[in-house]
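**Student:** What follows is the file input20.cif, containing mmCIF, C-alpha atoms:
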```cif
data_entry
loop_
_atom_site.label_atom_id
_atom_site.label_comp_id
_atom_site.auth_asym_id
_atom_site.auth_seq_id
_atom_site.Cartn_x
_atom_site.Cartn_y
_atom_site.Cartn_z
CA MET A 1 27.52 131.59 44.25
CA LYS A 2 27.15 128.37 46.23
CA ASN A 3 26.69 130.37 49.47
CA LEU A 4 23.99 132.46 47.79
CA ILE A 5 22.11 129.30 46.73
CA TYR A 6 22.33 127.92 50.27
CA THR A 7 20.96 131.21 51.61
CA PHE A 8 17.95 131.08 49.29
CA VAL A 9 17.27 127.43 50.19
CA ILE A 10 17.35 128.24 53.92
CA LEU A 11 15.06 131.24 53.43
CA PHE A 12 12.64 129.13 51.38
CA PHE A 13 12.30 126.41 53.99
CA THR A 14 12.17 128.91 56.88
CA THR A 15 9.35 130.80 55.14
CA SER A 16 7.52 127.54 54.42
CA ILE A 17 7.70 126.53 58.08
CA MET A 18 6.48 129.96 59.23
CA LEU A 19 3.56 129.92 56.80
CA ALA A 20 2.63 126.42 57.92
CA GLN A 21 2.25 127.75 61.46
CA VAL A 22 -0.21 130.48 60.44
CA PRO A 23 -3.76 129.03 60.61
CA ILE A 24 -5.73 129.10 57.35
CA PRO A 25 -8.77 131.41 57.55
CA ALA A 26 -12.02 129.55 58.09
CA PRO A 27 -14.75 129.38 55.41
CA ASP A 28 -18.12 131.07 55.89
CA GLN A 29 -20.70 129.21 57.94
CA ASP A 30 -22.74 126.87 55.74
CA THR A 31 -24.47 124.73 58.40
CA PRO A 32 -26.67 125.93 61.28
CA ILE A 33 -24.95 125.19 64.60
CA LEU A 34 -26.45 124.69 68.05
CA LEU A 35 -24.40 124.76 71.26
CA THR A 36 -26.13 122.97 74.13
CA GLY A 37 -25.70 122.45 77.84
CA ALA A 38 -23.32 125.29 78.72
CA THR A 39 -23.70 128.29 81.00
CA ALA A 40 -24.12 131.35 78.75
CA HIS A 41 -22.79 134.71 79.89
CA ILE A 42 -24.83 137.09 77.75
CA GLY A 43 -22.55 140.11 78.25
CA ASP A 44 -25.18 142.45 79.68
CA GLY A 45 -25.10 140.96 83.18
CA THR A 46 -27.47 138.09 82.40
CA VAL A 47 -26.41 134.47 82.91
CA ILE A 48 -28.37 131.52 81.46
CA SER A 49 -27.71 128.07 82.88
CA ASN A 50 -28.14 125.02 80.64
CA ALA A 51 -28.39 127.33 77.64
CA ILE A 52 -28.87 126.59 73.98
CA ILE A 53 -27.18 129.00 71.57
CA GLY A 54 -27.97 128.61 67.88
CA PHE A 55 -26.66 130.51 64.88
CA ASP A 56 -26.95 130.35 61.12
CA LYS A 57 -25.31 132.34 58.32
CA GLY A 58 -23.24 134.22 60.87
CA LYS A 59 -26.17 135.46 62.99
CA LEU A 60 -27.55 134.28 66.33
CA THR A 61 -30.95 132.62 65.91
CA ILE A 62 -31.52 131.05 69.34
CA VAL A 63 -30.48 132.30 72.77
CA ALA A 64 -32.49 130.56 75.47
CA GLN A 65 -32.54 128.11 78.32
CA ALA A 66 -33.03 124.50 77.28
CA GLY A 67 -36.72 123.70 77.04
CA ASN A 68 -37.77 127.36 76.80
CA THR A 69 -37.91 127.66 73.03
CA ASP A 70 -40.29 126.44 70.34
CA THR A 71 -37.65 126.65 67.62
CA ASP A 72 -37.17 123.50 65.56
CA ILE A 73 -33.61 122.43 66.35
CA SER A 74 -33.62 119.39 64.09
CA GLN A 75 -32.00 121.43 61.30
CA TYR A 76 -28.99 122.33 63.45
CA GLU A 77 -25.66 120.59 63.87
CA VAL A 78 -25.63 120.05 67.62
CA ILE A 79 -22.41 120.48 69.61
CA ASP A 80 -22.63 119.30 73.20
CA VAL A 81 -20.71 121.71 75.44
CA ALA A 82 -22.27 120.64 78.74
CA GLY A 83 -20.48 121.95 81.81
CA LYS A 84 -18.63 124.62 79.83
CA HIS A 85 -19.18 128.39 79.50
CA ILE A 86 -20.17 130.47 76.46
CA TYR A 87 -19.13 134.12 76.13
CA PRO A 88 -19.47 136.88 73.54
CA GLY A 89 -16.17 137.46 71.75
CA PHE A 90 -13.95 139.79 73.76
CA ILE A 91 -13.16 143.16 72.18
CA LEU A 92 -9.74 144.84 72.45
CA PRO A 93 -9.89 148.64 71.91
CA ASN A 94 -7.08 151.10 71.17
CA THR A 95 -4.48 148.61 69.96
CA GLN A 96 -1.82 148.41 67.27
CA LEU A 97 -2.62 144.77 66.61
CA GLY A 98 -2.04 144.02 62.93
CA LEU A 99 0.08 147.17 62.55
CA VAL A 100 3.03 146.04 64.68
CA GLU A 101 4.72 142.65 64.58
CA VAL A 102 7.97 143.06 66.52
CA ASN A 103 8.23 146.32 68.47
CA SER A 104 12.02 146.44 68.28
CA LEU A 105 12.11 145.95 64.49
CA ARG A 106 11.14 149.19 62.75
CA ALA A 107 10.58 147.43 59.43
CA THR A 108 7.70 145.44 60.95
CA ASN A 109 5.91 148.52 62.36
CA ASP A 110 3.35 150.50 60.37
CA MET A 111 1.29 152.31 63.00
CA SER A 112 2.12 155.99 62.47
CA GLU A 113 2.42 158.54 59.68
CA GLU A 114 4.75 161.49 59.24
CA GLY A 115 3.41 164.84 60.45
CA THR A 116 1.33 165.88 63.45
CA ILE A 117 -2.17 166.40 62.01
CA ASN A 118 -3.29 163.30 60.08
CA PRO A 119 -7.08 162.89 60.35
CA ASN A 120 -7.17 161.25 56.91
CA VAL A 121 -4.88 158.33 57.87
CA ARG A 122 -6.77 155.01 57.90
CA SER A 123 -5.36 152.18 59.99
CA LEU A 124 -7.29 149.37 58.31
CA ILE A 125 -5.37 149.49 55.00
CA ALA A 126 -2.15 148.67 56.86
CA TYR A 127 -3.72 145.80 58.81
CA ASN A 128 -1.72 142.58 58.39
CA THR A 129 -3.95 139.50 58.66
CA ASP A 130 -0.85 137.26 58.58
CA SER A 131 0.45 138.66 61.88
CA GLU A 132 1.42 135.89 64.29
CA ASN A 133 0.06 138.00 67.15
CA ILE A 134 -3.53 137.63 65.96
CA PRO A 135 -3.95 133.87 66.59
CA THR A 136 -2.55 134.31 70.12
CA MET A 137 -5.38 136.78 70.83
CA ARG A 138 -8.03 134.35 69.59
CA PHE A 139 -6.66 131.69 71.93
CA ASN A 140 -7.76 133.85 74.89
CA GLY A 141 -11.15 134.81 73.46
CA ILE A 142 -10.24 138.16 71.88
CA LEU A 143 -12.12 137.97 68.59
CA LEU A 144 -12.36 141.68 67.68
CA ALA A 145 -9.89 144.56 67.97
CA GLU A 146 -9.93 148.28 67.30
CA THR A 147 -6.80 148.75 65.24
CA THR A 148 -5.56 152.25 66.03
CA PRO A 149 -2.91 154.53 64.49
CA THR A 150 -0.50 156.41 66.75
CA GLY A 151 1.73 159.46 66.70
CA GLY A 152 1.31 163.18 66.24
CA ILE A 153 -1.58 165.21 67.64
CA ILE A 154 -4.30 163.74 65.43
CA SER A 155 -3.15 160.22 64.58
CA GLY A 156 -5.92 159.20 62.16
CA VAL A 157 -8.98 156.95 62.23
CA SER A 158 -9.27 153.47 63.69
CA SER A 159 -11.33 150.49 62.54
CA VAL A 160 -12.70 147.40 64.25
CA MET A 161 -11.16 144.28 62.75
CA GLU A 162 -12.08 140.62 63.11
CA MET A 163 -9.32 138.25 64.20
CA GLU A 164 -9.88 136.24 61.03
CA GLY A 165 -9.52 136.77 57.28
CA TRP A 166 -7.33 136.49 54.22
CA ASN A 167 -6.77 140.24 53.93
CA TRP A 168 -7.92 143.48 55.52
CA GLU A 169 -10.99 143.63 53.29
CA ASP A 170 -12.08 140.25 54.68
CA ALA A 171 -11.20 141.13 58.27
CA VAL A 172 -12.81 144.57 58.56
CA HIS A 173 -15.86 144.57 60.81
CA SER A 174 -16.56 148.31 61.10
CA ALA A 175 -14.46 150.76 59.10
CA ASP A 176 -13.29 154.21 60.19
CA ILE A 177 -15.23 154.37 63.44
CA ALA A 178 -13.10 156.74 65.54
CA MET A 179 -10.56 159.54 65.22
CA HIS A 180 -7.75 159.61 67.78
CA LEU A 181 -6.60 162.90 69.28
CA ASN A 182 -3.53 163.11 71.54
CA TRP A 183 -4.25 166.12 73.74
CA PRO A 184 -1.13 168.13 74.72
CA GLN A 185 0.21 167.58 78.23
CA LYS A 186 0.38 170.40 80.78
CA MET A 187 3.18 168.59 82.58
CA ARG A 188 5.71 166.43 80.78
CA ARG A 189 6.97 163.34 82.58
CA GLN A 190 10.49 162.03 82.07
CA PHE A 191 12.00 158.85 83.48
CA ASP A 192 15.55 159.06 84.81
CA PHE A 193 17.26 155.70 84.40
CA ALA A 194 20.14 156.81 86.63
CA THR A 195 17.91 157.28 89.69
CA PHE A 196 14.83 155.32 88.54
CA THR A 197 12.65 158.32 89.31
CA ILE A 198 10.13 160.31 87.28
CA SER A 199 10.44 164.06 87.01
CA GLN A 200 7.75 166.46 85.80
CA THR A 201 8.35 169.75 84.04
CA PRO A 202 5.77 172.29 82.79
CA ASN A 203 5.05 172.21 79.07
CA LYS A 204 5.85 175.78 78.03
CA ASN A 205 4.20 175.22 74.64
CA TYR A 206 0.89 173.92 76.05
CA LYS A 207 -1.14 177.05 75.30
CA LYS A 208 0.30 177.32 71.80
CA GLU A 209 -0.39 173.65 71.05
CA VAL A 210 -3.99 173.93 72.26
CA GLU A 211 -4.56 177.07 70.20
CA GLY A 212 -3.24 175.24 67.15
CA LEU A 213 -5.76 172.44 67.74
CA GLN A 214 -8.61 174.91 68.19
CA LYS A 215 -7.68 176.60 64.91
CA HIS A 216 -7.67 173.26 63.12
CA PHE A 217 -11.16 172.48 64.42
CA ASP A 218 -12.31 176.01 63.51
CA ASP A 219 -10.99 175.52 59.97
CA ALA A 220 -12.67 172.12 59.72
CA VAL A 221 -16.05 173.55 60.75
CA ALA A 222 -15.66 176.39 58.25
CA TYR A 223 -14.67 173.94 55.51
CA GLY A 224 -17.84 171.96 56.09
CA SER A 225 -20.04 174.99 55.47
CA MET A 226 -18.21 176.18 52.34
CA GLU A 227 -19.62 175.76 48.86
CA GLY A 228 -17.56 175.24 45.74
CA LYS A 229 -14.48 174.38 47.80
CA THR A 230 -11.28 172.72 46.68
CA ARG A 231 -11.12 169.20 48.06
CA ASN A 232 -9.00 168.86 51.20
CA LEU A 233 -8.67 165.27 52.43
CA LYS A 234 -7.75 166.24 55.99
CA MET A 235 -10.63 168.67 56.38
CA GLU A 236 -13.00 166.28 54.63
CA LYS A 237 -12.23 163.48 57.10
CA MET A 238 -12.87 165.82 60.04
CA GLN A 239 -16.52 166.24 59.02
CA GLY A 240 -17.41 162.85 60.50
CA LEU A 241 -16.85 164.34 63.97
CA PHE A 242 -19.45 167.03 63.35
CA ASN A 243 -22.13 164.91 61.70
CA GLY A 244 -21.91 162.13 64.29
CA SER A 245 -20.55 159.39 62.04
CA THR A 246 -17.12 159.35 63.74
CA ILE A 247 -16.26 159.06 67.44
CA LEU A 248 -13.60 161.38 68.86
CA MET A 249 -11.28 159.41 71.14
CA ILE A 250 -9.18 161.77 73.24
CA HIS A 251 -5.97 160.51 74.82
CA ALA A 252 -5.48 162.74 77.88
CA SER A 253 -2.98 162.39 80.71
CA GLY A 254 -4.39 164.66 83.42
CA ALA A 255 -7.72 165.71 84.94
CA LYS A 256 -7.45 169.30 83.66
CA GLU A 257 -6.55 168.07 80.19
CA ILE A 258 -9.63 165.82 80.18
CA VAL A 259 -11.98 168.69 81.01
CA GLU A 260 -10.36 171.16 78.61
CA SER A 261 -10.27 168.70 75.72
CA VAL A 262 -13.92 167.70 76.14
CA LYS A 263 -15.08 171.31 76.35
CA MET A 264 -13.08 172.25 73.25
CA ALA A 265 -14.59 169.36 71.27
CA GLN A 266 -18.11 170.14 72.45
CA SER A 267 -17.72 173.81 71.54
CA HIS A 268 -17.15 172.69 67.94
CA GLY A 269 -20.25 170.47 67.84
CA VAL A 270 -18.63 167.09 68.53
CA ASP A 271 -21.16 164.86 70.32
CA LYS A 272 -19.53 161.42 70.37
CA ILE A 273 -16.54 161.65 72.72
CA VAL A 274 -14.57 158.94 74.53
CA ILE A 275 -11.67 159.54 76.91
CA ILE A 276 -8.62 157.27 77.01
CA ALA A 277 -7.00 157.86 80.39
CA GLY A 278 -5.87 156.26 83.63
CA SER A 279 -6.45 157.27 87.22
CA SER A 280 -6.79 160.95 86.27
CA ALA A 281 -10.30 160.13 85.02
CA LEU A 282 -11.29 159.31 88.59
CA HIS A 283 -10.72 162.93 89.66
CA VAL A 284 -13.27 164.18 87.11
CA SER A 285 -15.66 161.23 87.21
CA GLU A 286 -18.65 163.46 87.98
CA PHE A 287 -17.87 165.62 84.95
CA LEU A 288 -17.59 162.52 82.76
CA LYS A 289 -20.85 161.09 84.09
CA ASP A 290 -22.72 164.40 83.57
CA ASN A 291 -21.48 164.58 79.99
CA ASP A 292 -22.14 160.88 79.30
CA ILE A 293 -18.53 160.23 78.35
CA ALA A 294 -17.08 156.73 78.58
CA VAL A 295 -13.51 155.95 79.58
CA VAL A 296 -11.11 153.42 78.09
CA VAL A 297 -8.61 152.62 80.85
CA PRO A 298 -5.10 151.16 80.49
CA PRO A 299 -4.27 147.65 81.71
CA VAL A 300 -5.02 147.09 85.38
CA HIS A 301 -1.82 145.05 85.63
CA SER A 302 0.18 148.24 86.06
CA LEU A 303 1.92 150.26 88.74
CA PRO A 304 0.28 153.47 90.01
CA SER A 305 0.97 156.48 87.81
CA ARG A 306 1.78 158.74 90.79
CA ASP A 307 3.85 158.31 93.96
CA ASP A 308 0.95 159.22 96.24
CA GLU A 309 -1.53 156.70 94.79
CA ASP A 310 -2.42 153.40 96.45
CA ILE A 311 -0.45 150.47 95.11
CA ASP A 312 -3.68 148.66 94.16
CA LEU A 313 -5.40 151.66 92.55
CA PRO A 314 -4.93 150.30 88.99
CA TYR A 315 -6.70 147.09 90.09
CA ARG A 316 -9.60 149.02 91.66
CA LEU A 317 -9.90 151.74 89.01
CA PRO A 318 -12.54 150.01 86.81
CA HIS A 319 -14.72 149.39 89.90
CA LEU A 320 -14.32 152.95 91.22
CA LEU A 321 -15.21 154.52 87.87
CA THR A 322 -18.17 152.19 87.43
CA GLU A 323 -19.42 153.07 90.93
CA ALA A 324 -19.19 156.74 89.93
CA GLY A 325 -21.54 156.09 87.02
CA VAL A 326 -18.95 156.11 84.23
CA THR A 327 -19.01 153.51 81.45
CA VAL A 328 -15.66 151.68 81.48
CA ALA A 329 -13.90 149.63 78.82
CA LEU A 330 -10.58 147.89 79.40
CA SER A 331 -7.65 148.15 77.03
CA HIS A 332 -3.92 147.47 76.82
CA ARG A 333 -0.74 149.42 76.26
CA GLY A 334 2.90 148.45 76.19
CA MET A 335 4.25 145.27 74.64
CA LEU A 336 1.65 144.14 72.11
CA ALA A 337 2.05 140.44 72.88
CA ASN A 338 0.73 141.04 76.41
CA ALA A 339 -2.58 142.32 75.06
CA ARG A 340 -3.75 138.69 75.13
CA ASN A 341 -4.17 139.21 78.89
CA LEU A 342 -7.23 141.43 78.35
CA PRO A 343 -9.69 138.91 79.90
CA PHE A 344 -7.45 138.59 82.95
CA TYR A 345 -7.49 142.37 83.41
CA ALA A 346 -11.25 142.00 83.77
CA GLY A 347 -10.70 139.10 86.17
CA THR A 348 -8.44 141.29 88.32
CA ALA A 349 -11.07 144.06 88.31
CA ALA A 350 -13.57 141.48 89.58
CA ALA A 351 -11.18 140.46 92.34
CA TYR A 352 -10.90 144.10 93.41
CA GLY A 353 -14.52 145.11 93.81
CA MET A 354 -16.44 144.57 90.58
CA ASP A 355 -19.19 142.03 90.16
CA LYS A 356 -17.97 139.26 87.84
CA GLU A 357 -20.61 139.94 85.17
CA ASP A 358 -19.99 143.70 85.38
CA ALA A 359 -16.29 143.02 84.85
CA LEU A 360 -17.22 140.96 81.80
CA LYS A 361 -19.04 144.01 80.39
CA THR A 362 -15.78 145.98 80.36
CA ILE A 363 -14.46 143.74 77.57
CA THR A 364 -17.76 142.98 75.81
CA SER A 365 -20.92 145.11 75.85
CA ASN A 366 -19.31 148.25 77.30
CA THR A 367 -16.54 148.18 74.73
CA ALA A 368 -19.03 147.55 71.93
CA ALA A 369 -21.04 150.58 73.07
CA VAL A 370 -17.91 152.73 73.29
CA LEU A 371 -16.99 151.78 69.72
CA GLY A 372 -20.56 152.19 68.43
CA ILE A 373 -20.89 148.55 67.35
CA ASP A 374 -23.21 147.31 70.10
CA ASP A 375 -25.95 146.67 67.54
CA ARG A 376 -23.87 143.77 66.18
CA VAL A 377 -21.53 142.45 68.88
CA GLY A 378 -20.85 142.57 72.60
CA THR A 379 -23.82 140.51 73.75
CA LEU A 380 -25.42 137.18 72.93
CA LYS A 381 -28.84 138.14 71.57
CA VAL A 382 -30.90 136.94 68.63
CA GLY A 383 -29.97 138.86 65.49
CA MET A 384 -26.46 139.76 66.64
CA ASP A 385 -23.28 138.50 64.99
CA ALA A 386 -22.39 134.94 65.95
CA THR A 387 -19.04 136.04 67.40
CA LEU A 388 -18.60 133.93 70.51
CA PHE A 389 -16.51 131.22 72.11
CA VAL A 390 -16.74 128.25 74.47
CA SER A 391 -14.41 127.88 77.46
CA GLN A 392 -13.98 124.91 79.76
CA GLY A 393 -14.18 127.24 82.77
CA ASP A 394 -14.26 130.89 83.80
CA ALA A 395 -12.71 132.81 80.90
CA LEU A 396 -11.63 135.66 83.20
CA ASP A 397 -9.45 133.29 85.24
CA ILE A 398 -6.10 132.37 83.72
CA ARG A 399 -6.30 128.92 85.37
CA THR A 400 -9.62 127.90 83.82
CA SER A 401 -9.68 129.87 80.56
CA ILE A 402 -9.27 126.96 78.15
CA LEU A 403 -11.10 127.55 74.89
CA THR A 404 -12.58 124.62 73.00
CA HIS A 405 -14.50 126.44 70.23
CA ALA A 406 -14.53 129.95 68.78
CA PHE A 407 -16.71 131.47 66.08
CA ILE A 408 -16.34 134.82 64.33
CA GLY A 409 -19.42 135.76 62.35
CA GLY A 410 -20.37 132.08 62.48
CA LYS A 411 -17.02 130.93 61.08
CA ASN A 412 -15.43 128.15 63.11
CA VAL A 413 -11.92 129.50 63.62
CA VAL A 414 -8.73 127.65 64.47
CA LEU A 415 -7.60 128.29 68.06
CA ASP A 416 -4.15 126.69 68.04
CA ASN A 417 -1.27 128.85 66.85
CA LYS A 418 2.52 128.88 66.67
CA GLN A 419 2.84 128.70 70.45
CA GLN A 420 0.77 125.52 70.70
CA ALA A 421 2.65 124.04 67.74
CA LEU A 422 5.96 124.59 69.54
CA TYR A 423 4.51 123.25 72.79
CA ASP A 424 3.36 120.05 71.07
CA ARG A 425 6.66 119.70 69.26
CA TYR A 426 8.71 119.69 72.45
CA SER A 427 6.07 117.81 74.43
CA GLU A 428 6.46 114.96 71.96
CA LYS A 429 10.23 115.07 72.33
CA TYR A 430 10.17 115.05 76.14
CA GLY A 431 7.05 112.94 76.69
CA HIS A 432 4.69 115.55 78.08
CA ASN A 433 1.08 115.74 76.92
CA ARG A 434 -0.73 119.11 77.26
CA ASN A 435 -4.10 117.34 77.16
#
```
Once you've parsed the file, please lay out its structure as structure tokens.
**Tutor:**
Amino acid sequence: MKNLIYTFVILFFTTSIMLAQVPIPAPDQDTPILLTGATAHIGDGTVISNAIIGFDKGKLTIVAQAGNTDTDISQYEVIDVAGKHIYPGFILPNTQLGLVEVNSLRATNDMSEEGTINPNVRSLIAYNTDSENIPTMRFNGILLAETTPTGGIISGVSSVMEMEGWNWEDAVHSADIAMHLNWPQKMRRQFDFATFTISQTPNKNYKKEVEGLQKHFDDAVAYGSMEGKTRNLKMEKMQGLFNGSTILMIHASGAKEIVESVKMAQSHGVDKIVIIAGSSALHVSEFLKDNDIAVVVPPVHSLPSRDDEDIDLPYRLPHLLTEAGVTVALSHRGMLANARNLPFYAGTAAAYGMDKEDALKTITSNTAAVLGIDDRVGTLKVGMDATLFVSQGDALDIRTSILTHAFIGGKNVVLDNKQQALYDRYSEKYGHNRN
């Protein structure tokens, strides 16, 4: 009995310490704020030196160069950020942020549903605002994320979530924006740990799997035209693809799969299509450009996917696709904690051919356009959401990306998190000051 009491006491204090390290969500903006003196990177390629950025009630009200506005600024709380840089909040697409806490602990993962066809699964209701991963994203300027389900052939629908809020209802920015389809692979890749090589074998069930998908889309189209039908949640959720309210995001591994998947979707009346693929998209870039289809690419900090590819192809891929006329957004895959490196992926793309402001677009305005939320976020323009941050230096450079302020919908959010708390704790012990 005594051991049981000790266990409960330890659990209580451990939980208390953990909760103390989770920042409290910020209140809504109640005072107009004006940021002055910084260099503003608008997100559409424009840069304003000595800018003034004002916002009130969560919306941008002033975006101008100092001295070029007639707006009365006397009603604003002025924050001097001279010499610093202002950016739109970075947007992380195709992520399991908020659905996964520790990859190796199954009990902390809630990103997939049983079955293979789950168009009615909604990721936002499983979103955990208390995740300790979320504050680490804010610290690097990632203020919005597309929380995405995984697994099966049709995984479900994703939602854009703000990196702030008491619960998922508070955090949701744009609900149920995209349905994720995992297109079957023609060739299946398998890693051999004994030889550290990758082998490829033909997928004998490819034709059958594609026919099954086509039948599902056929049934969904037929369901939409039926009268007096029995309600079917899966078929009902598919209708958003046909009426244009839902984006179809196709995860495809090869060039042939990209073309076949797009043509199949288009043949069923799907207009809004986005491809999630790596270097294979480069081989069909003309097809993607002609069909006005954007590409979400995996992290540039990766090895080539094929033996015959240049070692630096992942670094150059965003630039090469952009040169080919394809809209590019950067994403992350693999260990969730590393998704915080999203801005540095853009920085690497800039180092390997892209203009710095074009690289910035791949994590701001381009991503907002891909997700269909560019009327609210992605750029710093009057009337848009006041979702932005201030950095001491270039936010795409790991050496100078040091955030001093961040706002989500005008709310002044806490930037420090558990990692900074631990750093300060041991800095005090050993006499090192991070400031």
**Student:** Run the PyMOL selection byres ((chain A and resi 50-52) around 6) against the file shown and list the residues it catches, as a PyMOL selection string.
**Tutor:** chain A and resi 35-40+48-49+53+64-66
**Student:** Apply the PyMOL selection byres ((chain A and resi 133) around 9) to the file shown and report the selected residues as an mmCIF file with C-alpha atoms, keeping the file's coordinate frame.
**Tutor:**
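Generated file (part07.cif):
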```cif
data_model
loop_
_atom_site.group_PDB
_atom_site.id
_atom_site.type_symbol
_atom_site.label_atom_id
_atom_site.label_comp_id
_atom_site.auth_asym_id
_atom_site.auth_seq_id
_atom_site.Cartn_x
_atom_site.Cartn_y
_atom_site.Cartn_z
ATOM 1 C CA LEU A 97 -2.620 144.770 66.610
ATOM 2 C CA GLY A 98 -2.040 144.020 62.930
ATOM 3 C CA VAL A 100 3.030 146.040 64.680
ATOM 4 C CA GLU A 101 4.720 142.650 64.580
ATOM 5 C CA ASP A 130 -0.850 137.260 58.580
ATOM 6 C CA SER A 131 0.450 138.660 61.880
ATOM 7 C CA GLU A 132 1.420 135.890 64.290
ATOM 8 C CA ILE A 134 -3.530 137.630 65.960
ATOM 9 C CA PRO A 135 -3.950 133.870 66.590
ATOM 10 C CA THR A 136 -2.550 134.310 70.120
ATOM 11 C CA MET A 137 -5.380 136.780 70.830
ATOM 12 C CA LEU A 336 1.650 144.140 72.110
ATOM 13 C CA ALA A 337 2.050 140.440 72.880
ATOM 14 C CA ARG A 340 -3.750 138.690 75.130
#
```
**Student:** Looking at only C-alpha atoms, which of A:Asp44, A:Asp416, A:Glu211, A:Asp358 is the one that sits closest to Leu396 of chain A?
**Tutor:**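 Nearest candidate to Leu396 of chain A out of A:Asp44, A:Asp416, A:Glu211, A:Asp358: A:Asp358.
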**Student:** Hey, which bits of segment 235-316 of chain A sit within 10 Å of segment 152-165 of chain A, and for each residue what's the closest pair of atoms and how far apart in Å (one decimal), counting all atoms listed in the file, rows by chain and increasing number, as JSON lines?
**Tutor:**
```
{"residue": "A:Lys237", "atom": "CA", "partner": "A:Val157", "partner_atom": "CA", "distance": 8.9}
{"residue": "A:Met238", "atom": "CA", "partner": "A:Gly156", "partner_atom": "CA", "distance": 9.8}
{"residue": "A:Thr246", "atom": "CA", "partner": "A:Val157", "partner_atom": "CA", "distance": 8.6}
{"residue": "A:Ile247", "atom": "CA", "partner": "A:Val157", "partner_atom": "CA", "distance": 9.2}
{"residue": "A:Leu248", "atom": "CA", "partner": "A:Val157", "partner_atom": "CA", "distance": 9.2}
{"residue": "A:Met249", "atom": "CA", "partner": "A:Val157", "partner_atom": "CA", "distance": 9.5}
{"residue": "A:Ile250", "atom": "CA", "partner": "A:Ile154", "partner_atom": "CA", "distance": 9.4}
{"residue": "A:His251", "atom": "CA", "partner": "A:Ile153", "partner_atom": "CA", "distance": 9.6}
```
**Student:** Any chance you could work out the residue set of the PyMOL selection byres ((chain A and resi 99) around 9) here, as number ranges by chain?
**Tutor:** A: 95-98, 100-101, 108-111, 123-124, 126-128, 131, 147-149
